[in-house]
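Peer 1: Take a look at the following structure, please.
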Amino acid sequence: MKWAEEIPREEWVRIDQVIHKYRERHGSLIPVLKEVQDICGYLPKKVQHRIAQGLHLPSSQVYGVVSFYTFFTTTPRGKYIIRVCLGTACYVKGSKQILDNLQRELKVGVGGITSDRKFSLEGVRCLGACGLAPVLVIGQETYGMVTPGKAIEIVRSYP
Amino acid sequence: MKTYRTHLMVCAGTGCVSCGSLNLKDHLESELKNRGLSDEVKVVITGCNGFCAEGPIMVVYPEGIFYKKLTPEDVPFLVEEHFLKGRPVEKFLYTGPAVKEKVPLLKDIPFFQHQVLRALRNRGLIDAENIDEYIARDGYAALSKVLSSMTPEEVIHEVKISGLRGRGGAGFPTGLKWEEGRRYDAFPKYIICNGDEGDPGAFMDRSVLEADPHSVLEGMTIGGYALDAHQGHIYVRAEYPLAIHRLNIAIEQAKNYGLLGKDIFGSGFDFDISIYPGAGAFVCGESTALMYSLEGKRGMPRIKPPRSTEAGLWGQPTVLNNVETFANVPAILLNGGEWFASLGTGGSKGTKVFALTGTVSNVGLIEVPMGTTLRTIVYDIGGGIPEKREFKAVQIGGPSGACLPTSLLDIEVDFDSLDEAGAMMGSGGLVVMNDSTCMVDTARFFTDFSVDESCGKCVPCRVGMKVMLNILNRIVEGKGEMEDIERLKRLGQHIKETSHCGLGKTAPNPVLSTIRYFRNEYEAHIQDKQCPALVCVDLIQFRVNPEKCKMCGLCKKACPMEAITWEKKTPADINIEKCIRCRSCIQACKFGAIE
Ligand SMILES: Cc1cc2nc3c(=O)[nH]c(=O)nc-3n(C[C@H](O)[C@H](O)[C@H](O)COP(=O)(O)O)c2cc1C
Ligand code: FES
């Protein structure tokens, strides 16, 4: 499968703006990476190089940080990111099964992206909504007290 | 300020928001307007009320009437009955799990009765996005008192008298830490608030930040004054966007009021606070790792000494405390250290906020005096175990904590008693587990977490935890040996003794505690190749026991693979060829007929 790794010209421009904005600031790598990931959706190698050059850091340091934090990804993500909570409270209430069912429904592994690039499926640690366990988040929307069956219904309801 | 006859406090904590409380608020406002009540009844959005299980929640003041699970469709009826005709609507009132009587007032609901609110003193009473409401509840009075009439030494002395210990996990005495931080005469110094809250199953700090951000800002500013620091940072998990949003608003408002920034209260003291969202790494909750992360590096803990109070952020003296620790500070300075110390046990003063979750009736956020027993928390406040299940364990302290069994239900929860039991206060997540939870699998779950989250710097933690995980995986797959139990114990002990930071030093706790209290489950997995709780799929046969089967057909309905055959009046049967071992039938069966 080949994902077009092209970054459009206008995204490069915005990336450079972010770099410029933070250039003089101490310890700004993480905020820069965040903003850039918001622009491109992910952080491919060439973007990491650009940031390294712009902030006068070794590329290895940029890659080191990108690979350390779970928030950053070097692969493209789907239009909707499905995050199934695997924190303790959710796990105890059966979130593992929700994740298994979604994998089967979407035919995609954890951390993967569906072939139509519509969904990415992720397992995450505690979303801090344990009162609603088990919890499922799609994009910005939080769904609480989800059952394995309901999870599939929710996902199917996305256009 | 305009006065209203009635205030409707609608909870907008994360729990209630995802049950639709913001929508509810809009409906309430428009209905009140239609009925011409807008000038008499005011709708206020508050932070987490605590009783997340019953959301969306609304409390009516001045009476204190508690409404639960409201939907937009209920609004017209509710407004007509209660706010026009003055008759509280019974069907939306709370009923306990045991007694069927309606409990109209919040203060009479058992969930709230055993609680003492200090860190959460403004819970459900103020709009977090409005500084005036915080000030109306004595907000910033402590800061004013401190800046106008106390020396930094007196502030530190008062915190020492209070006996406040850090709420971030390890319980280090806050007064001592501040005294240390003050000793180093350097410029600049930093003060950091740890809002990383990485323990899965914990959401206390989130609620404090969302419901009462000013209490944290005030606490930090007081800390700044005591330490002679002029810059504060708040490190918040990226997963908490609402907390970040509210903090930004709070900082902005405090600056406009001259409560933050230059020359606070005209005292000549300057203090500023900035917010820094994390990027998702559990280990960044550790103090030195957090500081590296703030510097834009990989968050890897370093060896102490030097302590951060001597050389922390950017090599400068830095004091780092937890969100709840800071939230307690203003109340201590306002009411005195003695007042704070009047609650609690010998070594642990004051109260502690817990996130009570798992298989317990009343899931939510609670604050109780130190020394409250687990039994009170689980049964009186939590309302016990639902669905006629049995209590099995309560997990406390997250991945560094332990699973405590029934025999320890009467333990008085404080820093020292938990330590003795092989557990840890951690940040305050309490996950209740019933008899359908497998303790070996739970231990495996936490070990998997620690392996994932280890920063990889030191060998005991990076390799040792991985070996423990392999052994546990073997056991849950039915390939364990009896010697494995001793191996786990020995290895766990080594890892605890030789790891570099707090993560490795505590990561074996879940395994060691389950071996200590639930050894029989390990033995069942290893010797009998059975999982008593029917969780470990490799040890389940997926067979219907015809003697237990009540022929109800629920399992057939639940099966996503149509692997179950069932006719009325005959026991069900599972076709093993088609079965994908998803456990749907086990969860569906009310009679435990599948083994
Ligand atoms: C692996 C690890 C994770 C931690 N996570 C947190 C956390 O999420 N929140 C927190 O306040 N403290 C956390 N701590 C504890 C901090 O290192 C530190 O002790 C604490 O924030 C100090 O504040 P306090 O004295 O107010 O408790 C963690 C420690 C370790 C070793
Ligand atoms: S454990 Fe899932 S939200 Fe906390």
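Here's how to read the names in the structure tokens: chain A, B, ... by the order shown, residue numbers from 1 in each chain, ligand numbers from 1 in the order shown.
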Skipping near chain neighbours, those fewer than 4 positions away, what residues fall within 12 Å of Gln17 (chain A) using only C-alpha atoms, listed as number ranges by chain?

Peer 2: A: 10-13, 21-23, 32, 35-36, 39, 50-51, 54

Peer 1: May I ask you to write as a PDB file with C-alpha atoms, in the first residue's frame all residues lying at most 12 Å from ligand 2, with only C-alpha atoms and all ligand atoms counted?

Peer 2:
```
ATOM      1  CA  ARG A  83      -9.473   5.767  20.625  1.00  0.00           C
ATOM      2  CA  VAL A  84     -10.541   2.945  22.877  1.00  0.00           C
ATOM      3  CA  CYS A  85      -9.568   3.440  26.485  1.00  0.00           C
ATOM      4  CA  LEU A  86      -7.539   0.592  27.927  1.00  0.00           C
ATOM      5  CA  GLY A  87      -7.054   2.230  31.314  1.00  0.00           C
ATOM      6  CA  THR A  88      -7.781   0.222  34.440  1.00  0.00           C
ATOM      7  CA  ALA A  89     -11.355   1.299  35.004  1.00  0.00           C
ATOM      8  CA  CYS A  90     -12.275   0.665  31.391  1.00  0.00           C
ATOM      9  CA  TYR A  91     -10.323  -2.567  31.206  1.00  0.00           C
ATOM     10  CA  VAL A  92     -12.169  -3.928  34.221  1.00  0.00           C
ATOM     11  CA  LYS A  93     -15.410  -3.145  32.460  1.00  0.00           C
ATOM     12  CA  GLY A  94     -14.443  -4.958  29.304  1.00  0.00           C
ATOM     13  CA  SER A  95     -12.875  -2.395  26.979  1.00  0.00           C
ATOM     14  CA  LYS A  96     -10.497  -4.990  25.581  1.00  0.00           C
ATOM     15  CA  GLY A 123      -5.837   1.847  22.185  1.00  0.00           C
ATOM     16  CA  VAL A 124      -5.043   4.519  24.782  1.00  0.00           C
ATOM     17  CA  ARG A 125      -4.359   4.669  28.481  1.00  0.00           C
ATOM     18  CA  CYS A 126      -6.999   6.335  30.590  1.00  0.00           C
ATOM     19  CA  LEU A 127      -8.785   9.281  29.086  1.00  0.00           C
ATOM     20  CA  GLY A 128      -9.661  10.573  32.537  1.00  0.00           C
ATOM     21  CA  ALA A 129     -13.335   9.812  32.058  1.00  0.00           C
ATOM     22  CA  CYS A 130     -13.267   6.670  34.158  1.00  0.00           C
ATOM     23  CA  GLY A 131     -16.642   7.522  35.665  1.00  0.00           C
ATOM     24  CA  LEU A 132     -18.092   6.546  32.311  1.00  0.00           C
ATOM     25  CA  ALA A 133     -16.098   3.378  31.748  1.00  0.00           C
ATOM     26  CA  PRO A 134     -15.764   1.828  29.274  1.00  0.00           C
ATOM     27  CA  VAL A 135     -14.968   4.858  27.194  1.00  0.00           C
ATOM     28  CA  LEU A 136     -14.535   5.345  23.476  1.00  0.00           C
ATOM     29  CA  VAL A 137     -13.470   8.583  21.822  1.00  0.00           C
ATOM     30  CA  THR A 142     -16.541  11.021  24.000  1.00  0.00           C
ATOM     31  CA  TYR A 143     -18.840   8.029  24.309  1.00  0.00           C
ATOM     32  CA  GLY A 144     -19.341   6.518  27.738  1.00  0.00           C
ATOM     33  CA  MET A 145     -20.678   3.185  29.004  1.00  0.00           C
ATOM     34  CA  VAL A 146     -20.162   1.606  25.644  1.00  0.00           C
TER      35      VAL A 146
ATOM     36  CA  THR B  14     -16.148  15.501  31.490  1.00  0.00           C
ATOM     37  CA  GLY B  15     -18.553  12.776  32.526  1.00  0.00           C
ATOM     38  CA  GLU B 197      -1.934  12.454  36.026  1.00  0.00           C
ATOM     39  CA  GLY B 198      -0.843   9.382  34.164  1.00  0.00           C
ATOM     40  CA  ASP B 199      -2.245   6.668  36.437  1.00  0.00           C
ATOM     41  CA  PRO B 200      -4.928   4.862  34.506  1.00  0.00           C
ATOM     42  CA  GLY B 201      -8.098   5.005  36.541  1.00  0.00           C
ATOM     43  CA  ALA B 202      -7.456   8.420  38.064  1.00  0.00           C
ATOM     44  CA  PHE B 203      -9.076  11.716  37.218  1.00  0.00           C
ATOM     45  CA  MET B 204      -8.811  13.794  40.392  1.00  0.00           C
ATOM     46  CA  ARG B 206      -8.362  16.755  35.966  1.00  0.00           C
ATOM     47  CA  GLU B 239      -5.553  14.394  26.932  1.00  0.00           C
ATOM     48  CA  TYR B 240      -7.165  17.113  29.054  1.00  0.00           C
ATOM     49  CA  ALA B 355     -11.438   8.617  41.859  1.00  0.00           C
ATOM     50  CA  LEU B 356     -13.732   5.745  42.722  1.00  0.00           C
ATOM     51  CA  THR B 357     -14.316   3.597  39.655  1.00  0.00           C
ATOM     52  CA  GLY B 358     -14.694   0.051  38.459  1.00  0.00           C
ATOM     53  CA  VAL B 363     -18.762   5.750  40.430  1.00  0.00           C
ATOM     54  CA  GLY B 364     -17.348   9.220  40.944  1.00  0.00           C
ATOM     55  CA  GLY B 398      -2.346   2.465  39.623  1.00  0.00           C
ATOM     56  CA  GLY B 429      -7.274   6.042  41.733  1.00  0.00           C
ATOM     57  CA  LEU B 430      -9.430   3.424  43.429  1.00  0.00           C
ATOM     58  CA  VAL B 431     -10.639   0.762  41.039  1.00  0.00           C
ATOM     59  CA  VAL B 432     -13.070  -1.701  42.553  1.00  0.00           C
TER      60      VAL B 432
END
```

Peer 1: Can you tell me which residues come within 7 Å of ligand 1 when counting only C-alpha atoms and all ligand atoms, ideally as a PyMOL selection string?

Peer 2: chain B and resi 165-174+194-199+282-287+320-323+325+427+501-503

Peer 1: Taking the chain letters and numbering used in this document, name the residues of region 561-590 of chain B that DSSP puts in strand (DSSP E or B), as an MDAnalysis selection string.

Peer 2: chainID B and resid 564:565 573:574

Peer 1: Smallest atom-to-atom distance to chain B: which of A:Val108, A:Val155, A:Ile138, A:Val65, using only C-alpha atoms?

Peer 2: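 Of the candidates, the smallest distance to chain B is held by A:Val65.
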
Peer 1: So which residues touch Glu420 (chain B) within 12 Å, counting only C-alpha atoms, skipping near sequence neighbours fewer than 5 positions away, as a PyMOL selection string?

Peer 2: chain B and resi 401-402+404+408+411-415+425+513

Peer 1: Could you pull the residues within 12 Å of Ser148 (chain B), counting only C-alpha atoms, minus those fewer than 3 positions along the same chain, as an mmCIF file with N, CA, C and O atoms, in the first residue's frame?

Peer 2:
```
data_model
loop_
_atom_site.group_PDB
_atom_site.id
_atom_site.type_symbol
_atom_site.label_atom_id
_atom_site.label_comp_id
_atom_site.auth_asym_id
_atom_site.auth_seq_id
_atom_site.Cartn_x
_atom_site.Cartn_y
_atom_site.Cartn_z
ATOM 1 N N ALA B 141 -8.328 35.200 49.066
ATOM 2 C CA ALA B 141 -8.202 35.822 50.386
ATOM 3 C C ALA B 141 -6.905 35.356 51.044
ATOM 4 O O ALA B 141 -6.230 36.125 51.739
ATOM 5 N N ALA B 142 -6.565 34.087 50.826
ATOM 6 C CA ALA B 142 -5.332 33.574 51.417
ATOM 7 C C ALA B 142 -4.125 34.296 50.832
ATOM 8 O O ALA B 142 -3.205 34.680 51.546
ATOM 9 N N LEU B 143 -4.164 34.503 49.523
ATOM 10 C CA LEU B 143 -3.033 35.181 48.890
ATOM 11 C C LEU B 143 -2.893 36.606 49.428
ATOM 12 O O LEU B 143 -1.790 37.074 49.714
ATOM 13 N N SER B 144 -4.033 37.253 49.590
ATOM 14 C CA SER B 144 -4.002 38.615 50.107
ATOM 15 C C SER B 144 -3.431 38.636 51.520
ATOM 16 O O SER B 144 -2.579 39.462 51.863
ATOM 17 N N LYS B 145 -3.866 37.696 52.333
ATOM 18 C CA LYS B 145 -3.359 37.606 53.707
ATOM 19 C C LYS B 145 -1.839 37.358 53.709
ATOM 20 O O LYS B 145 -1.091 38.029 54.423
ATOM 21 N N THR B 151 5.574 36.667 56.380
ATOM 22 C CA THR B 151 6.867 36.533 55.710
ATOM 23 C C THR B 151 6.898 35.156 55.036
ATOM 24 O O THR B 151 6.141 34.259 55.427
ATOM 25 N N PRO B 152 7.775 34.993 54.054
ATOM 26 C CA PRO B 152 7.879 33.667 53.419
ATOM 27 C C PRO B 152 8.132 32.578 54.453
ATOM 28 O O PRO B 152 7.567 31.484 54.357
ATOM 29 N N VAL B 155 4.986 31.521 56.047
ATOM 30 C CA VAL B 155 4.163 30.708 55.154
ATOM 31 C C VAL B 155 4.624 29.253 55.225
ATOM 32 O O VAL B 155 3.827 28.324 55.415
ATOM 33 N N ILE B 222 1.164 31.479 46.064
ATOM 34 C CA ILE B 222 1.613 31.480 47.456
ATOM 35 C C ILE B 222 2.954 30.757 47.566
ATOM 36 O O ILE B 222 3.888 31.223 48.228
ATOM 37 N N TYR B 225 5.727 32.935 46.360
ATOM 38 C CA TYR B 225 6.111 33.924 47.352
ATOM 39 C C TYR B 225 7.008 33.301 48.422
ATOM 40 O O TYR B 225 8.049 33.861 48.800
ATOM 41 N N ILE B 264 1.664 42.034 42.500
ATOM 42 C CA ILE B 264 0.373 41.479 42.906
ATOM 43 C C ILE B 264 -0.120 42.146 44.190
ATOM 44 O O ILE B 264 0.626 42.258 45.165
ATOM 45 N N PHE B 265 -1.364 42.577 44.207
ATOM 46 C CA PHE B 265 -1.946 43.275 45.364
ATOM 47 C C PHE B 265 -1.111 44.479 45.794
ATOM 48 O O PHE B 265 -1.109 44.848 46.966
ATOM 49 N N GLY B 266 -0.352 45.037 44.881
ATOM 50 C CA GLY B 266 0.485 46.168 45.245
ATOM 51 C C GLY B 266 1.585 45.828 46.233
ATOM 52 O O GLY B 266 2.116 46.708 46.922
ATOM 53 N N SER B 267 1.944 44.530 46.322
ATOM 54 C CA SER B 267 2.920 44.134 47.339
ATOM 55 C C SER B 267 4.342 44.186 46.808
ATOM 56 O O SER B 267 5.295 43.965 47.544
ATOM 57 N N GLY B 268 4.465 44.400 45.489
ATOM 58 C CA GLY B 268 5.795 44.371 44.903
ATOM 59 C C GLY B 268 6.213 42.977 44.460
ATOM 60 O O GLY B 268 7.254 42.799 43.843
ATOM 61 N N PHE B 269 5.406 41.974 44.753
ATOM 62 C CA PHE B 269 5.757 40.606 44.371
ATOM 63 C C PHE B 269 5.230 40.295 42.960
ATOM 64 O O PHE B 269 4.054 40.519 42.664
#
```

Peer 1: Report as a list in words all protein, DNA and RNA residues lying within 12 Å of Glu252 (chain B), evaluated on only C-alpha atoms, omitting residues in the same chain fewer than 5 positions from it.

Peer 2: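 So, after excluding close chain neighbours, the residues are Glu129, Asn130, Ile131, Pro213, His214, Leu217, His245, Arg246, Leu247, Tyr257, Gly258, Leu259, Leu260, Gly261, Asp272, Ile273, Ser274 and Ile275 of chain B.
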
Peer 1: Give me a file of those residues, with N, CA, C and O atoms, as an mmCIF file, in the first residue's frame.

Peer 2:
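Below is the file result-v2.cif, written as the result:
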```cif
data_model
loop_
_atom_site.group_PDB
_atom_site.id
_atom_site.type_symbol
_atom_site.label_atom_id
_atom_site.label_comp_id
_atom_site.auth_asym_id
_atom_site.auth_seq_id
_atom_site.Cartn_x
_atom_site.Cartn_y
_atom_site.Cartn_z
ATOM 1 N N GLU B 129 -15.221 29.250 34.997
ATOM 2 C CA GLU B 129 -14.728 30.234 34.045
ATOM 3 C C GLU B 129 -15.008 31.665 34.502
ATOM 4 O O GLU B 129 -14.902 32.601 33.725
ATOM 5 N N ASN B 130 -15.403 31.804 35.757
ATOM 6 C CA ASN B 130 -15.727 33.132 36.252
ATOM 7 C C ASN B 130 -15.005 33.382 37.584
ATOM 8 O O ASN B 130 -15.362 32.846 38.629
ATOM 9 N N ILE B 131 -14.026 34.244 37.542
ATOM 10 C CA ILE B 131 -13.185 34.484 38.723
ATOM 11 C C ILE B 131 -13.987 35.082 39.878
ATOM 12 O O ILE B 131 -13.705 34.830 41.049
ATOM 13 N N PRO B 213 -9.871 25.990 38.762
ATOM 14 C CA PRO B 213 -8.485 26.267 38.358
ATOM 15 C C PRO B 213 -7.823 27.344 39.214
ATOM 16 O O PRO B 213 -6.623 27.286 39.462
ATOM 17 N N HIS B 214 -8.629 28.296 39.710
ATOM 18 C CA HIS B 214 -8.020 29.385 40.483
ATOM 19 C C HIS B 214 -7.387 28.894 41.771
ATOM 20 O O HIS B 214 -6.426 29.481 42.250
ATOM 21 N N LEU B 217 -3.938 28.053 40.863
ATOM 22 C CA LEU B 217 -3.148 29.261 40.589
ATOM 23 C C LEU B 217 -2.801 29.975 41.886
ATOM 24 O O LEU B 217 -1.670 30.418 42.095
ATOM 25 N N HIS B 245 -8.014 24.597 28.540
ATOM 26 C CA HIS B 245 -8.859 25.726 28.165
ATOM 27 C C HIS B 245 -9.247 26.565 29.391
ATOM 28 O O HIS B 245 -9.117 27.782 29.413
ATOM 29 N N ARG B 246 -9.695 25.878 30.437
ATOM 30 C CA ARG B 246 -10.144 26.615 31.624
ATOM 31 C C ARG B 246 -8.977 27.287 32.340
ATOM 32 O O ARG B 246 -9.127 28.380 32.890
ATOM 33 N N LEU B 247 -7.823 26.635 32.331
ATOM 34 C CA LEU B 247 -6.654 27.251 32.962
ATOM 35 C C LEU B 247 -6.279 28.530 32.229
ATOM 36 O O LEU B 247 -5.952 29.543 32.859
ATOM 37 N N TYR B 257 -7.199 41.041 36.933
ATOM 38 C CA TYR B 257 -7.545 41.507 38.278
ATOM 39 C C TYR B 257 -6.306 41.866 39.087
ATOM 40 O O TYR B 257 -6.399 42.150 40.268
ATOM 41 N N GLY B 258 -5.155 41.747 38.477
ATOM 42 C CA GLY B 258 -3.927 42.048 39.212
ATOM 43 C C GLY B 258 -3.575 41.001 40.255
ATOM 44 O O GLY B 258 -2.882 41.285 41.234
ATOM 45 N N LEU B 259 -4.077 39.771 40.065
ATOM 46 C CA LEU B 259 -3.790 38.705 41.023
ATOM 47 C C LEU B 259 -2.676 37.811 40.535
ATOM 48 O O LEU B 259 -2.302 36.830 41.163
ATOM 49 N N LEU B 260 -2.183 38.154 39.364
ATOM 50 C CA LEU B 260 -1.098 37.405 38.754
ATOM 51 C C LEU B 260 -0.376 38.417 37.880
ATOM 52 O O LEU B 260 -1.008 39.313 37.336
ATOM 53 N N GLY B 261 0.923 38.258 37.760
ATOM 54 C CA GLY B 261 1.664 39.213 36.947
ATOM 55 C C GLY B 261 2.525 40.100 37.829
ATOM 56 O O GLY B 261 3.036 39.660 38.845
ATOM 57 N N ASP B 272 4.276 34.890 37.559
ATOM 58 C CA ASP B 272 3.597 34.586 36.311
ATOM 59 C C ASP B 272 3.497 33.072 36.157
ATOM 60 O O ASP B 272 4.333 32.341 36.677
ATOM 61 N N ILE B 273 2.463 32.632 35.449
ATOM 62 C CA ILE B 273 2.279 31.196 35.273
ATOM 63 C C ILE B 273 2.052 30.900 33.797
ATOM 64 O O ILE B 273 1.287 31.601 33.129
ATOM 65 N N SER B 274 2.722 29.881 33.286
ATOM 66 C CA SER B 274 2.430 29.467 31.917
ATOM 67 C C SER B 274 2.027 27.995 31.895
ATOM 68 O O SER B 274 2.357 27.235 32.813
ATOM 69 N N ILE B 275 1.322 27.632 30.836
ATOM 70 C CA ILE B 275 0.795 26.275 30.749
ATOM 71 C C ILE B 275 1.532 25.512 29.691
ATOM 72 O O ILE B 275 1.858 26.054 28.639
#
```

Peer 1: Could you name the residues that touch region 67-81 of chain A at 10 Å or less, counting only C-alpha atoms, but leaving out those on the same chain fewer than 4 positions away, as a PyMOL selection string?

Peer 2: (chain A and resi 3-5+30+33-34+37+40-45+47-48+61-63+111-122+124+137-140+155+158) or (chain B and resi 238-239+278-282+284+293+297-300+453+455)

Peer 1: Give me the residues near Gln527 (chain B) as a list in words, where near means some atom within 9 Å (using only C-alpha atoms) and where sequence neighbours in that chain fewer than 4 positions away do not count.

Peer 2: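 Returned residues: Gly478, Gly480, Glu481, Met482, Tyr522 and Glu523 of chain B.
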
Peer 1: Could those residues be written to a file, using all heavy atoms, as an mmCIF file, in the first residue's frame?

Peer 2:
```cif
data_model
loop_
_atom_site.group_PDB
_atom_site.id
_atom_site.type_symbol
_atom_site.label_atom_id
_atom_site.label_comp_id
_atom_site.auth_asym_id
_atom_site.auth_seq_id
_atom_site.Cartn_x
_atom_site.Cartn_y
_atom_site.Cartn_z
ATOM 1 N N GLY B 478 -1.759 -20.757 30.113
ATOM 2 C CA GLY B 478 -1.833 -22.134 30.608
ATOM 3 C C GLY B 478 -0.522 -22.881 30.489
ATOM 4 O O GLY B 478 -0.492 -24.103 30.554
ATOM 5 N N GLY B 480 2.213 -22.126 32.406
ATOM 6 C CA GLY B 480 3.046 -21.759 33.549
ATOM 7 C C GLY B 480 3.537 -22.969 34.334
ATOM 8 O O GLY B 480 3.001 -24.064 34.219
ATOM 9 N N GLU B 481 4.577 -22.733 35.128
ATOM 10 C CA GLU B 481 5.083 -23.770 36.031
ATOM 11 C C GLU B 481 4.991 -23.223 37.439
ATOM 12 O O GLU B 481 5.029 -22.013 37.635
ATOM 13 C CB GLU B 481 6.564 -24.056 35.729
ATOM 14 C CG GLU B 481 6.860 -24.364 34.290
ATOM 15 C CD GLU B 481 8.348 -24.168 33.972
ATOM 16 O OE1 GLU B 481 9.118 -23.828 34.894
ATOM 17 O OE2 GLU B 481 8.703 -24.358 32.805
ATOM 18 N N MET B 482 4.971 -24.121 38.419
ATOM 19 C CA MET B 482 4.859 -23.656 39.801
ATOM 20 C C MET B 482 6.051 -22.793 40.209
ATOM 21 O O MET B 482 5.921 -21.884 41.017
ATOM 22 C CB MET B 482 4.715 -24.834 40.762
ATOM 23 C CG MET B 482 3.300 -25.387 40.834
ATOM 24 S SD MET B 482 2.046 -24.115 41.072
ATOM 25 C CE MET B 482 2.116 -23.914 42.845
ATOM 26 N N TYR B 522 -3.143 -17.750 41.070
ATOM 27 C CA TYR B 522 -1.975 -18.138 40.277
ATOM 28 C C TYR B 522 -1.910 -19.667 40.204
ATOM 29 O O TYR B 522 -1.668 -20.244 39.150
ATOM 30 C CB TYR B 522 -0.684 -17.593 40.903
ATOM 31 C CG TYR B 522 -0.436 -16.122 40.624
ATOM 32 C CD1 TYR B 522 -1.031 -15.139 41.387
ATOM 33 C CD2 TYR B 522 0.397 -15.740 39.571
ATOM 34 C CE1 TYR B 522 -0.800 -13.794 41.129
ATOM 35 C CE2 TYR B 522 0.635 -14.403 39.305
ATOM 36 C CZ TYR B 522 0.037 -13.432 40.088
ATOM 37 O OH TYR B 522 0.264 -12.113 39.829
ATOM 38 N N GLU B 523 -2.126 -20.295 41.354
ATOM 39 C CA GLU B 523 -2.025 -21.761 41.388
ATOM 40 C C GLU B 523 -3.090 -22.402 40.504
ATOM 41 O O GLU B 523 -2.835 -23.390 39.823
ATOM 42 C CB GLU B 523 -2.132 -22.252 42.838
ATOM 43 C CG GLU B 523 -0.870 -21.909 43.611
ATOM 44 C CD GLU B 523 -0.990 -22.107 45.118
ATOM 45 O OE1 GLU B 523 -2.101 -22.449 45.607
ATOM 46 O OE2 GLU B 523 0.019 -21.902 45.814
#
```

Peer 1: Rounded to one decimal place, report the CA of Leu290 (chain B)-CA of Glu210 (chain B) distance in Å.

Peer 2: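 Interatomic distance here is 21.2 Å.
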
Peer 1: Interatomic distance between CA of Lys69 (chain B) and CA of Gly55 (chain B)?

Peer 2: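 Separating CA of Lys69 (chain B) from CA of Gly55 (chain B) is a distance of 5.0 Å.
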
Peer 1: Quick one: DSSP alpha helix (DSSP H) residues in region 9-90 of chain A, as a ChimeraX atom specification?

Peer 2: /A:9-22,29-40,45-55,59-68,88-90

Peer 1: Pick from A:Glu141, A:Pro148, A:Ile154, A:Ser28: nearest to Cys19 (chain B), with only C-alpha atoms counted?

Peer 2: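 Going through A:Glu141, A:Pro148, A:Ile154, A:Ser28 one by one, the smallest distance to Cys19 (chain B) is for A:Glu141.
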
Peer 1: CA of Asp39 (chain B) and CA of Asp127 (chain B) are how many Å apart?

Peer 2: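 These two atoms are separated by 18.3 Å.
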